[in-house]
Each structure stands twice: as C-alpha cells, then as structure tokens.
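Structure file protein09.cif with mmCIF, C-alpha atoms:
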```
data_run
#
loop_
_atom_site.group_PDB
_atom_site.id
_atom_site.type_symbol
_atom_site.label_atom_id
_atom_site.label_comp_id
_atom_site.auth_asym_id
_atom_site.auth_seq_id
_atom_site.Cartn_x
_atom_site.Cartn_y
_atom_site.Cartn_z
ATOM 1 C CA MET D 247 -9.643 2.133 -12.214
ATOM 2 C CA PHE D 248 -9.766 -0.378 -9.329
ATOM 3 C CA GLN D 249 -11.783 -2.680 -11.615
ATOM 4 C CA GLN D 250 -8.573 -3.296 -13.603
ATOM 5 C CA LEU D 251 -6.739 -4.783 -10.617
ATOM 6 C CA GLN D 252 -5.620 -8.376 -11.018
ATOM 7 C CA VAL D 253 -4.574 -11.033 -8.527
ATOM 8 C CA GLU D 254 -1.014 -10.425 -9.738
ATOM 9 C CA HIS D 255 -1.080 -6.907 -8.246
ATOM 10 C CA SER D 256 -1.185 -8.366 -4.742
ATOM 11 C CA LEU D 257 1.922 -8.929 -2.656
ATOM 12 C CA PHE D 258 -0.070 -11.563 -0.767
ATOM 13 C CA HIS D 259 -1.126 -15.049 -1.813
ATOM 14 C CA ILE D 260 -4.731 -14.421 -2.856
ATOM 15 C CA ASP D 261 -7.289 -15.818 -5.271
ATOM 16 C CA GLU D 262 -10.078 -14.329 -7.377
ATOM 17 C CA ASN D 263 -12.518 -14.495 -4.454
ATOM 18 C CA HIS D 264 -10.251 -12.239 -2.411
ATOM 19 C CA MET D 265 -9.942 -9.863 -5.351
ATOM 20 C CA ASP D 266 -13.721 -9.796 -5.831
ATOM 21 C CA GLN D 267 -14.163 -9.018 -2.138
ATOM 22 C CA PHE D 268 -11.833 -6.017 -2.448
ATOM 23 C CA LYS D 269 -13.461 -4.769 -5.652
ATOM 24 C CA HIS D 270 -16.889 -5.041 -4.029
ATOM 25 C CA LEU D 271 -15.715 -2.819 -1.155
ATOM 26 C CA ALA D 272 -14.098 -0.323 -3.539
ATOM 27 C CA ALA D 273 -17.359 -0.076 -5.498
ATOM 28 C CA LYS D 274 -19.423 0.151 -2.306
ATOM 29 C CA TRP D 275 -17.390 3.080 -0.952
ATOM 30 C CA GLN D 276 -16.601 4.802 -4.245
ATOM 31 C CA THR D 277 -18.817 7.825 -3.506
ATOM 32 C CA ILE D 278 -17.008 8.462 -0.201
ATOM 33 C CA LEU D 279 -13.483 7.435 -1.248
ATOM 34 C CA PRO D 280 -13.499 8.036 -5.011
ATOM 35 C CA ASN D 281 -9.906 8.548 -6.139
ATOM 36 C CA VAL D 282 -6.429 7.654 -5.057
ATOM 37 C CA HIS D 283 -3.875 10.459 -5.105
ATOM 38 C CA ALA D 284 -1.133 9.000 -7.270
ATOM 39 C CA LYS D 285 2.118 10.875 -6.672
ATOM 40 C CA CYS D 286 4.807 8.180 -6.918
ATOM 41 C CA LEU D 287 2.900 5.487 -8.732
ATOM 42 C CA ASN D 288 0.523 5.491 -11.664
ATOM 43 C CA GLU D 289 -3.186 5.354 -10.789
ATOM 44 C CA LEU D 290 -3.592 1.592 -11.172
ATOM 45 C CA ASP D 291 -0.552 0.894 -8.999
ATOM 46 C CA SER D 292 -1.875 3.374 -6.428
ATOM 47 C CA TRP D 293 -5.038 1.274 -6.283
ATOM 48 C CA ALA D 294 -2.825 -1.799 -5.914
ATOM 49 C CA ALA D 295 -1.196 -0.115 -2.908
ATOM 50 C CA VAL D 296 -4.657 0.273 -1.336
ATOM 51 C CA LEU D 297 -5.351 -3.384 -2.147
ATOM 52 C CA ASN D 298 -2.106 -4.473 -0.485
ATOM 53 C CA ASN D 299 -2.773 -2.315 2.577
ATOM 54 C CA TRP D 300 -6.199 -3.922 2.888
ATOM 55 C CA PHE D 301 -4.725 -7.423 2.679
ATOM 56 C CA PHE D 302 -2.035 -6.431 5.178
ATOM 57 C CA LEU D 303 -4.732 -5.391 7.669
ATOM 58 C CA LYS D 304 -6.783 -8.533 6.986
ATOM 59 C CA SER D 305 -3.721 -10.766 7.285
ATOM 60 C CA GLN D 306 -3.504 -9.957 10.989
ATOM 61 C CA HIS D 307 -6.714 -11.985 11.502
ATOM 62 C CA HIS D 308 -6.639 -14.346 8.543
ATOM 63 C CA HIS D 309 -3.413 -16.280 8.770
ATOM 64 C CA ASN D 310 -3.931 -17.839 5.354
ATOM 65 C CA LEU D 311 -3.182 -14.387 3.887
ATOM 66 C CA VAL D 312 0.604 -14.356 3.776
ATOM 67 C CA LEU D 313 3.110 -12.395 1.774
ATOM 68 C CA ASN D 314 4.237 -14.109 -1.386
ATOM 69 C CA PRO D 315 7.913 -14.901 -0.646
ATOM 70 C CA ILE D 316 8.926 -14.344 -4.272
ATOM 71 C CA LYS D 317 7.520 -10.828 -4.158
ATOM 72 C CA THR D 318 9.196 -9.931 -0.859
ATOM 73 C CA PHE D 319 12.495 -9.742 -2.735
ATOM 74 C CA ASP D 320 11.047 -7.909 -5.716
ATOM 75 C CA TYR D 321 9.221 -5.362 -3.556
ATOM 76 C CA SER D 322 11.698 -4.749 -0.751
ATOM 77 C CA ILE D 323 10.334 -1.252 -0.127
ATOM 78 C CA ASN D 324 6.844 -2.612 0.465
ATOM 79 C CA THR D 325 8.105 -5.429 2.673
ATOM 80 C CA PHE D 326 10.115 -2.946 4.720
ATOM 81 C CA LEU D 327 7.115 -0.615 5.082
ATOM 82 C CA ILE D 328 4.832 -3.494 6.106
ATOM 83 C CA ASP D 329 7.334 -4.367 8.829
ATOM 84 C CA GLU D 330 7.369 -0.728 9.945
ATOM 85 C CA LEU D 331 3.557 -0.566 9.967
ATOM 86 C CA GLN D 332 3.444 -3.587 12.277
ATOM 87 C CA ARG D 333 5.539 -1.644 14.802
ATOM 88 C CA ILE D 334 3.174 1.309 14.987
ATOM 89 C CA GLN D 335 0.835 1.176 17.956
ATOM 90 C CA ILE D 336 -2.251 2.545 16.201
ATOM 91 C CA ILE D 337 -1.963 -0.213 13.568
ATOM 92 C CA ARG D 338 -1.671 -2.870 16.274
ATOM 93 C CA LYS D 339 -4.703 -1.351 17.990
ATOM 94 C CA ILE D 340 -6.747 -1.317 14.760
ATOM 95 C CA ASN D 341 -5.832 -4.927 14.120
ATOM 96 C CA LYS D 342 -7.832 -5.954 17.181
ATOM 97 C CA ASN D 343 -10.884 -5.456 14.968
ATOM 98 C CA ASP D 344 -11.879 -7.674 12.084
ATOM 99 C CA ASN D 345 -14.012 -5.340 9.991
ATOM 100 C CA ASP D 346 -13.536 -5.308 6.218
ATOM 101 C CA ASP D 347 -15.260 -1.947 5.750
ATOM 102 C CA LEU D 348 -13.137 -0.261 8.405
ATOM 103 C CA TYR D 349 -10.015 -1.894 6.962
ATOM 104 C CA TYR D 350 -10.953 -0.516 3.543
ATOM 105 C CA PHE D 351 -11.246 3.049 4.877
ATOM 106 C CA ILE D 352 -7.881 2.708 6.610
ATOM 107 C CA ALA D 353 -6.201 1.010 3.631
ATOM 108 C CA PHE D 354 -7.407 3.769 1.312
ATOM 109 C CA GLN D 355 -6.137 6.570 3.555
ATOM 110 C CA LEU D 356 -2.869 4.732 4.211
ATOM 111 C CA GLY D 357 -2.338 4.248 0.484
ATOM 112 C CA ASN D 358 -2.659 7.968 -0.139
ATOM 113 C CA ALA D 359 -0.624 8.995 2.925
ATOM 114 C CA ILE D 360 2.253 6.581 2.323
ATOM 115 C CA ASP D 361 2.417 7.477 -1.372
ATOM 116 C CA LEU D 362 2.633 11.172 -0.458
ATOM 117 C CA TRP D 363 5.191 10.495 2.293
ATOM 118 C CA ILE D 364 7.401 8.526 -0.109
ATOM 119 C CA TYR D 365 7.071 11.214 -2.767
ATOM 120 C CA ASN D 366 7.970 14.035 -0.375
ATOM 121 C CA THR D 367 10.847 12.077 1.186
ATOM 122 C CA ILE D 368 12.428 11.094 -2.130
ATOM 123 C CA GLN D 369 11.748 14.515 -3.713
ATOM 124 C CA LYS D 370 13.822 16.178 -0.968
ATOM 125 C CA SER D 371 16.714 13.772 -1.465
ATOM 126 C CA ALA D 372 19.557 13.687 -3.950
ATOM 127 C CA GLU D 373 17.805 10.703 -5.579
ATOM 128 C CA ALA D 374 14.710 12.604 -6.801
ATOM 129 C CA ASP D 375 15.319 11.407 -10.372
ATOM 130 C CA VAL D 376 14.060 7.952 -9.331
ATOM 131 C CA LEU D 377 10.500 9.344 -9.092
ATOM 132 C CA ARG D 378 10.224 9.701 -12.876
ATOM 133 C CA GLN D 379 10.831 5.985 -13.309
ATOM 134 C CA ALA D 380 8.453 5.011 -10.495
ATOM 135 C CA ARG D 381 5.463 6.069 -12.625
ATOM 136 C CA ARG D 382 5.900 2.968 -14.807
ATOM 137 C CA SER D 383 4.065 -0.237 -14.000
ATOM 138 C CA TYR D 384 5.238 -1.126 -10.511
ATOM 139 C CA PHE D 385 3.248 -4.004 -9.042
ATOM 140 C CA LEU D 386 3.492 -6.066 -12.232
ATOM 141 C CA ALA D 387 7.217 -5.457 -12.805
ATOM 142 C CA TYR D 388 8.057 -8.864 -11.323
ATOM 143 C CA LEU D 389 6.373 -10.530 -14.308
ATOM 144 C CA HIS D 390 9.139 -9.313 -16.618
ATOM 145 C CA ASP D 391 12.387 -11.133 -17.164
ATOM 146 C CA ARG D 392 14.854 -9.928 -14.518
ATOM 147 C CA CYS D 393 17.497 -9.523 -17.217
ATOM 148 C CA GLN D 394 15.560 -6.835 -19.040
ATOM 149 C CA VAL D 395 16.934 -3.317 -18.833
ATOM 150 C CA TYR D 396 13.808 -1.969 -17.155
ATOM 151 C CA ASN D 397 13.963 -4.539 -14.412
ATOM 152 C CA ALA D 398 17.667 -3.985 -13.807
ATOM 153 C CA SER D 399 16.884 -0.328 -13.200
ATOM 154 C CA PHE D 400 13.764 -1.337 -11.225
ATOM 155 C CA TYR D 401 15.856 -3.235 -8.663
ATOM 156 C CA HIS D 402 18.526 -0.571 -8.594
ATOM 157 C CA ASN D 403 15.908 2.112 -7.959
ATOM 158 C CA GLN D 404 14.273 -0.014 -5.252
ATOM 159 C CA THR D 405 17.618 -0.144 -3.464
ATOM 160 C CA ARG D 406 18.213 3.594 -3.849
ATOM 161 C CA MET D 407 14.762 4.467 -2.531
ATOM 162 C CA LEU D 408 14.864 1.926 0.298
ATOM 163 C CA LYS D 409 18.093 3.421 1.661
ATOM 164 C CA ILE D 410 16.521 6.874 1.791
ATOM 165 C CA LEU D 411 13.221 5.713 3.288
ATOM 166 C CA ALA D 412 14.906 3.530 5.919
ATOM 167 C CA GLN D 413 17.237 6.353 6.929
ATOM 168 C CA THR D 414 14.306 8.757 7.191
ATOM 169 C CA ILE D 415 12.241 6.360 9.312
ATOM 170 C CA ARG D 416 15.212 5.724 11.610
ATOM 171 C CA THR D 417 16.030 9.404 12.117
ATOM 172 C CA GLN D 418 12.670 11.173 11.885
ATOM 173 C CA ASN D 419 9.114 10.659 13.067
ATOM 174 C CA CYS D 420 7.397 11.705 9.817
ATOM 175 C CA PHE D 421 6.358 8.181 8.707
ATOM 176 C CA ARG D 422 4.723 7.431 12.041
ATOM 177 C CA VAL D 423 2.980 10.828 11.954
ATOM 178 C CA ALA D 424 1.696 10.190 8.414
ATOM 179 C CA VAL D 425 0.361 6.766 9.424
ATOM 180 C CA HIS D 426 -1.333 8.085 12.571
ATOM 181 C CA SER D 427 -2.892 10.929 10.623
ATOM 182 C CA ALA D 428 -4.179 8.596 7.896
ATOM 183 C CA VAL D 429 -5.648 6.121 10.374
ATOM 184 C CA ASN D 430 -7.302 8.860 12.424
ATOM 185 C CA GLN D 431 -8.756 10.423 9.284
ATOM 186 C CA ALA D 432 -10.091 7.034 8.194
ATOM 187 C CA LEU D 433 -11.599 6.393 11.632
ATOM 188 C CA ASP D 434 -13.276 9.817 11.600
ATOM 189 C CA MET D 435 -14.721 9.219 8.137
ATOM 190 C CA TYR D 436 -15.879 5.732 9.052
ATOM 191 C CA GLU D 437 -17.512 6.850 12.295
ATOM 192 C CA GLN D 438 -19.143 9.844 10.606
ATOM 193 C CA TYR D 439 -20.606 7.641 7.897
ATOM 194 C CA PHE D 440 -21.992 5.076 10.340
ATOM 195 C CA LYS D 441 -23.465 7.756 12.646
ATOM 196 C CA GLU D 442 -25.710 8.971 9.835
#
```
What does this structure look like when you write it as structure tokens?
Amino acid sequence: MFQQLQVEHSLFHIDENHMDQFKHLAAKWQTILPNVHAKCLNELDSWAAVLNNWFFLKSQHHHNLVLNPIKTFDYSINTFLIDELQRIQIIRKINKNDNDDLYYFIAFQLGNAIDLWIYNTIQKSAEADVLRQARRSYFLAYLHDRCQVYNASFYHNQTRMLKILAQTIRTQNCFRVAVHSAVNQALDMYEQYFKE
C-alpha cells in the first residue's frame, strides 16, 4: 500500500526524490514491519502518517524539510502532535542521530502507536462518532474545495478531535507513555535486527 503514497500526502515540503527515499526504506523493511494498524485512518493514510513521522524525524537534521504552511491549518491535529512530540525527551534524544533506517523503525512504530492512542482517546469521549468519518481520505482532503460539504465537516471534526486530544495530553500522561513505548519498541527491533 505504501507504493501508492504521493508527494501530496506529506505535510512537509518534499519532492519525488524524498518520496522515493521513503518508499525504498518501506520496501527494504517490509518483511520486518509489514503492515500499519489502521484504526482511525484508512490504510493508505496510515502509511502517510508513517511517512510524515519519518519526515518529522529527518527534519530535525535537514532544515530544508519544513512543514508546508498551508497544510498546518488544514491538519491542525498533526501540527499540534508534532509540537507535542518535540517536547518529549526521548524524541529529542533520538534526534541526535541522523539514521534513516532507525528513523523508519521509529516512524513506523509511532504511526501505529499514535493512531491507536487517538482511536482509544476519541472512542472514550462523547465525540466517538467522529471516528466513522475519519476513515475517509484524510491526507488528501486539502485538495478539495473548502466549500464542499465533506471539507466543512472535515474542519469541524478536526476541531472537535483536537479539543479532546489537547485536553487529554494536558491532563494525562498517556500520550507520552505511548510515544516512549513506541520508540523503545522500535529501538529494540532495530538493535535486534542489526545484532544478527
């Protein structure tokens, strides 16, 4: 499914070379990290989440990889979560490295962990109905006319979900725990693979 990703799925300013680099890594590690666990998003968008996590990690060393300012408005949840990730010590520690393979392992595990965390957080809230609509195309929604009915509900749902996620992060430690667990799992897998 990752082969279907397009440059437009990225929240960062990238080109086809960047996309090819990611797809090469996804193909290289497919036997170890075969499938995303799509709970909130459809499978292609779950792969796009992994892609965006990978570019987020790379952007800490490659300052030409910056968030697309147009998409920061459209994807306020993602922008908020990127800001939160930057505050977590284990992410800052990982960013001292510049290793695309390691970043891929971490991005993959983060994609799955954050998707599950969002799903569980929203499912427990009074806004659980928003999860049904999240399964539509997510990372390409910005390409549609903002006046369309779907996009009006897209922005409304982003706001509803962001309020819940922000409140949860501010009052509980579950996001930080999910991130630490995902990174540690990725590090273990990476180290185990390279020991063999």
Report summary line: For Ala372 of chain D, the closest of D:Gln332, D:Asp344, D:Tyr401, D:Lys409 counting only C-alpha atoms is D:Lys409
Can you list, as a short mmCIF file (atom, residue, chain, number, x, y, z; two decimals) with C-alpha atoms, keeping the file's coordinate frame, every protein, DNA or RNA residue that comes within 9 Å of segment 263-278 of chain D when you count only C-alpha atoms, leaving out same-chain residues fewer than 4 positions away?
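Ended up saving to result31.cif:
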```cif
data_model
loop_
_atom_site.label_atom_id
_atom_site.label_comp_id
_atom_site.auth_asym_id
_atom_site.auth_seq_id
_atom_site.Cartn_x
_atom_site.Cartn_y
_atom_site.Cartn_z
CA PHE D 248 -9.77 -0.38 -9.33
CA GLN D 249 -11.78 -2.68 -11.62
CA LEU D 251 -6.74 -4.78 -10.62
CA GLN D 252 -5.62 -8.38 -11.02
CA VAL D 253 -4.57 -11.03 -8.53
CA SER D 256 -1.18 -8.37 -4.74
CA LEU D 297 -5.35 -3.38 -2.15
CA TRP D 300 -6.20 -3.92 2.89
CA PHE D 301 -4.72 -7.42 2.68
CA ASP D 346 -13.54 -5.31 6.22
CA ASP D 347 -15.26 -1.95 5.75
CA TYR D 350 -10.95 -0.52 3.54
CA PHE D 351 -11.25 3.05 4.88
CA MET D 435 -14.72 9.22 8.14
CA TYR D 439 -20.61 7.64 7.90
#
```
Query raised in the report: Exactly which residues make up the result of the PyMOL selection byres ((chain D and resi 308) around 12) on this file, given as a ChimeraX atom specification?
Result: /D:258-260,264,300-307,309-312,341,343-346
Counting only C-alpha atoms, which residues in segment 257-335 of chain D sit no more than 9 Å from segment 420-432 of chain D? For each one, give the nearest pair of atoms and the distance in Å, sorted by chain then residue number, as JSON lines.
```
{"residue": "D:Glu330", "atom": "CA", "partner": "D:Arg422", "partner_atom": "CA", "distance": 8.8}
{"residue": "D:Leu331", "atom": "CA", "partner": "D:Val425", "partner_atom": "CA", "distance": 8.0}
{"residue": "D:Ile334", "atom": "CA", "partner": "D:Arg422", "partner_atom": "CA", "distance": 7.0}
```
**Report entry** Atom pair atom CA of Ala294 of chain D / atom CA of Phe385 of chain D: separation (Å)
**Finding:** 7.2 Å
Query - Pick from D:Ile316, D:Tyr349, D:His255, D:Ile323, whichever lies nearest to His402 of chain D using all atoms listed in the file - result: D:Ile323
Requested in this report: May I have the residues within 12 Å of Arg406 of chain D as a PyMOL selection string, using all atoms listed in the file and disregarding those fewer than 4 positions away in the same chain?
Outcome: chain D and resi 322-323+368+371-377+380+399-402+410-413
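Going from atom CA of Ile352 of chain D to atom CA of Gln335 of chain D covers 14.4 Å.
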Export: segment 320-350 of chain D, N, CA, C and O atoms, as a PDB file, in the first residue's frame:
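This went into part-v7.pdb:
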```pdb
ATOM      1  N   ASP D 320      -4.793  23.134   7.684  1.00  0.00           N
ATOM      2  CA  ASP D 320      -5.677  22.030   7.321  1.00  0.00           C
ATOM      3  C   ASP D 320      -5.538  20.837   8.256  1.00  0.00           C
ATOM      4  O   ASP D 320      -6.498  20.099   8.470  1.00  0.00           O
ATOM      5  N   TYR D 321      -4.349  20.629   8.783  1.00  0.00           N
ATOM      6  CA  TYR D 321      -4.074  19.444   9.607  1.00  0.00           C
ATOM      7  C   TYR D 321      -3.619  19.875  10.997  1.00  0.00           C
ATOM      8  O   TYR D 321      -2.533  19.545  11.460  1.00  0.00           O
ATOM      9  N   SER D 322      -4.492  20.611  11.672  1.00  0.00           N
ATOM     10  CA  SER D 322      -4.163  21.174  12.981  1.00  0.00           C
ATOM     11  C   SER D 322      -3.858  20.088  14.008  1.00  0.00           C
ATOM     12  O   SER D 322      -3.010  20.290  14.880  1.00  0.00           O
ATOM     13  N   ILE D 323      -4.514  18.954  13.909  1.00  0.00           N
ATOM     14  CA  ILE D 323      -4.218  17.853  14.836  1.00  0.00           C
ATOM     15  C   ILE D 323      -2.771  17.410  14.660  1.00  0.00           C
ATOM     16  O   ILE D 323      -2.035  17.263  15.641  1.00  0.00           O
ATOM     17  N   ASN D 324      -2.354  17.225  13.435  1.00  0.00           N
ATOM     18  CA  ASN D 324      -0.995  16.755  13.167  1.00  0.00           C
ATOM     19  C   ASN D 324       0.040  17.788  13.603  1.00  0.00           C
ATOM     20  O   ASN D 324       1.070  17.438  14.175  1.00  0.00           O
ATOM     21  N   THR D 325      -0.239  19.051  13.329  1.00  0.00           N
ATOM     22  CA  THR D 325       0.674  20.115  13.738  1.00  0.00           C
ATOM     23  C   THR D 325       0.799  20.150  15.252  1.00  0.00           C
ATOM     24  O   THR D 325       1.903  20.262  15.794  1.00  0.00           O
ATOM     25  N   PHE D 326      -0.320  20.035  15.944  1.00  0.00           N
ATOM     26  CA  PHE D 326      -0.316  20.003  17.398  1.00  0.00           C
ATOM     27  C   PHE D 326       0.488  18.809  17.911  1.00  0.00           C
ATOM     28  O   PHE D 326       1.318  18.955  18.816  1.00  0.00           O
ATOM     29  N   LEU D 327       0.286  17.637  17.324  1.00  0.00           N
ATOM     30  CA  LEU D 327       1.001  16.442  17.782  1.00  0.00           C
ATOM     31  C   LEU D 327       2.499  16.523  17.479  1.00  0.00           C
ATOM     32  O   LEU D 327       3.320  16.051  18.273  1.00  0.00           O
ATOM     33  N   ILE D 328       2.866  17.121  16.363  1.00  0.00           N
ATOM     34  CA  ILE D 328       4.289  17.330  16.065  1.00  0.00           C
ATOM     35  C   ILE D 328       4.914  18.230  17.136  1.00  0.00           C
ATOM     36  O   ILE D 328       6.005  17.953  17.633  1.00  0.00           O
ATOM     37  N   ASP D 329       4.207  19.285  17.502  1.00  0.00           N
ATOM     38  CA  ASP D 329       4.707  20.156  18.569  1.00  0.00           C
ATOM     39  C   ASP D 329       4.867  19.385  19.876  1.00  0.00           C
ATOM     40  O   ASP D 329       5.853  19.566  20.600  1.00  0.00           O
ATOM     41  N   GLU D 330       3.904  18.537  20.178  1.00  0.00           N
ATOM     42  CA  GLU D 330       3.985  17.729  21.411  1.00  0.00           C
ATOM     43  C   GLU D 330       5.144  16.739  21.342  1.00  0.00           C
ATOM     44  O   GLU D 330       5.843  16.526  22.333  1.00  0.00           O
ATOM     45  N   LEU D 331       5.348  16.120  20.185  1.00  0.00           N
ATOM     46  CA  LEU D 331       6.465  15.178  20.033  1.00  0.00           C
ATOM     47  C   LEU D 331       7.798  15.868  20.293  1.00  0.00           C
ATOM     48  O   LEU D 331       8.694  15.284  20.916  1.00  0.00           O
ATOM     49  N   GLN D 332       7.936  17.104  19.847  1.00  0.00           N
ATOM     50  CA  GLN D 332       9.191  17.833  20.032  1.00  0.00           C
ATOM     51  C   GLN D 332       9.486  18.095  21.500  1.00  0.00           C
ATOM     52  O   GLN D 332      10.632  18.334  21.864  1.00  0.00           O
ATOM     53  N   ARG D 333       8.489  18.033  22.344  1.00  0.00           N
ATOM     54  CA  ARG D 333       8.659  18.277  23.782  1.00  0.00           C
ATOM     55  C   ARG D 333       9.048  17.019  24.558  1.00  0.00           C
ATOM     56  O   ARG D 333       9.400  17.113  25.730  1.00  0.00           O
ATOM     57  N   ILE D 334       8.962  15.880  23.923  1.00  0.00           N
ATOM     58  CA  ILE D 334       9.200  14.623  24.624  1.00  0.00           C
ATOM     59  C   ILE D 334      10.688  14.288  24.560  1.00  0.00           C
ATOM     60  O   ILE D 334      11.293  14.251  23.484  1.00  0.00           O
ATOM     61  N   GLN D 335      11.257  14.036  25.713  1.00  0.00           N
ATOM     62  CA  GLN D 335      12.701  13.864  25.834  1.00  0.00           C
ATOM     63  C   GLN D 335      13.254  12.748  24.953  1.00  0.00           C
ATOM     64  O   GLN D 335      14.293  12.913  24.322  1.00  0.00           O
ATOM     65  N   ILE D 336      12.571  11.613  24.882  1.00  0.00           N
ATOM     66  CA  ILE D 336      13.096  10.505  24.090  1.00  0.00           C
ATOM     67  C   ILE D 336      13.162  10.865  22.604  1.00  0.00           C
ATOM     68  O   ILE D 336      14.067  10.429  21.895  1.00  0.00           O
ATOM     69  N   ILE D 337      12.258  11.698  22.139  1.00  0.00           N
ATOM     70  CA  ILE D 337      12.293  12.163  20.739  1.00  0.00           C
ATOM     71  C   ILE D 337      13.484  13.093  20.552  1.00  0.00           C
ATOM     72  O   ILE D 337      14.216  12.977  19.565  1.00  0.00           O
ATOM     73  N   ARG D 338      13.703  14.000  21.486  1.00  0.00           N
ATOM     74  CA  ARG D 338      14.862  14.892  21.389  1.00  0.00           C
ATOM     75  C   ARG D 338      16.164  14.091  21.425  1.00  0.00           C
ATOM     76  O   ARG D 338      17.123  14.412  20.714  1.00  0.00           O
ATOM     77  N   LYS D 339      16.188  13.048  22.215  1.00  0.00           N
ATOM     78  CA  LYS D 339      17.380  12.200  22.313  1.00  0.00           C
ATOM     79  C   LYS D 339      17.624  11.449  21.002  1.00  0.00           C
ATOM     80  O   LYS D 339      18.746  11.380  20.514  1.00  0.00           O
ATOM     81  N   ILE D 340      16.562  10.906  20.427  1.00  0.00           N
ATOM     82  CA  ILE D 340      16.659  10.177  19.150  1.00  0.00           C
ATOM     83  C   ILE D 340      17.139  11.108  18.047  1.00  0.00           C
ATOM     84  O   ILE D 340      17.891  10.714  17.169  1.00  0.00           O
ATOM     85  N   ASN D 341      16.711  12.345  18.108  1.00  0.00           N
ATOM     86  CA  ASN D 341      17.045  13.292  17.046  1.00  0.00           C
ATOM     87  C   ASN D 341      18.516  13.688  17.035  1.00  0.00           C
ATOM     88  O   ASN D 341      18.954  14.416  16.160  1.00  0.00           O
ATOM     89  N   LYS D 342      19.282  13.202  17.998  1.00  0.00           N
ATOM     90  CA  LYS D 342      20.728  13.429  17.964  1.00  0.00           C
ATOM     91  C   LYS D 342      21.379  12.553  16.898  1.00  0.00           C
ATOM     92  O   LYS D 342      22.499  12.787  16.499  1.00  0.00           O
ATOM     93  N   ASN D 343      20.665  11.518  16.486  1.00  0.00           N
ATOM     94  CA  ASN D 343      21.146  10.638  15.416  1.00  0.00           C
ATOM     95  C   ASN D 343      20.691  11.192  14.072  1.00  0.00           C
ATOM     96  O   ASN D 343      19.779  12.000  14.008  1.00  0.00           O
ATOM     97  N   ASP D 344      21.296  10.711  13.031  1.00  0.00           N
ATOM     98  CA  ASP D 344      20.825  11.022  11.678  1.00  0.00           C
ATOM     99  C   ASP D 344      20.922   9.724  10.889  1.00  0.00           C
ATOM    100  O   ASP D 344      21.854   9.513  10.130  1.00  0.00           O
ATOM    101  N   ASN D 345      19.959   8.839  11.127  1.00  0.00           N
ATOM    102  CA  ASN D 345      19.996   7.488  10.588  1.00  0.00           C
ATOM    103  C   ASN D 345      18.624   7.173   9.991  1.00  0.00           C
ATOM    104  O   ASN D 345      17.653   6.979  10.729  1.00  0.00           O
ATOM    105  N   ASP D 346      18.543   7.151   8.676  1.00  0.00           N
ATOM    106  CA  ASP D 346      17.256   6.960   8.003  1.00  0.00           C
ATOM    107  C   ASP D 346      16.591   5.634   8.362  1.00  0.00           C
ATOM    108  O   ASP D 346      15.372   5.575   8.507  1.00  0.00           O
ATOM    109  N   ASP D 347      17.377   4.572   8.483  1.00  0.00           N
ATOM    110  CA  ASP D 347      16.795   3.274   8.837  1.00  0.00           C
ATOM    111  C   ASP D 347      16.198   3.311  10.239  1.00  0.00           C
ATOM    112  O   ASP D 347      15.066   2.862  10.451  1.00  0.00           O
ATOM    113  N   LEU D 348      16.940   3.836  11.188  1.00  0.00           N
ATOM    114  CA  LEU D 348      16.428   3.954  12.552  1.00  0.00           C
ATOM    115  C   LEU D 348      15.191   4.848  12.577  1.00  0.00           C
ATOM    116  O   LEU D 348      14.192   4.519  13.221  1.00  0.00           O
ATOM    117  N   TYR D 349      15.229   5.965  11.868  1.00  0.00           N
ATOM    118  CA  TYR D 349      14.068   6.846  11.802  1.00  0.00           C
ATOM    119  C   TYR D 349      12.856   6.120  11.217  1.00  0.00           C
ATOM    120  O   TYR D 349      11.727   6.355  11.642  1.00  0.00           O
ATOM    121  N   TYR D 350      13.086   5.239  10.250  1.00  0.00           N
ATOM    122  CA  TYR D 350      11.970   4.495   9.670  1.00  0.00           C
ATOM    123  C   TYR D 350      11.338   3.575  10.716  1.00  0.00           C
ATOM    124  O   TYR D 350      10.117   3.534  10.843  1.00  0.00           O
TER     125      TYR D 350
END
```
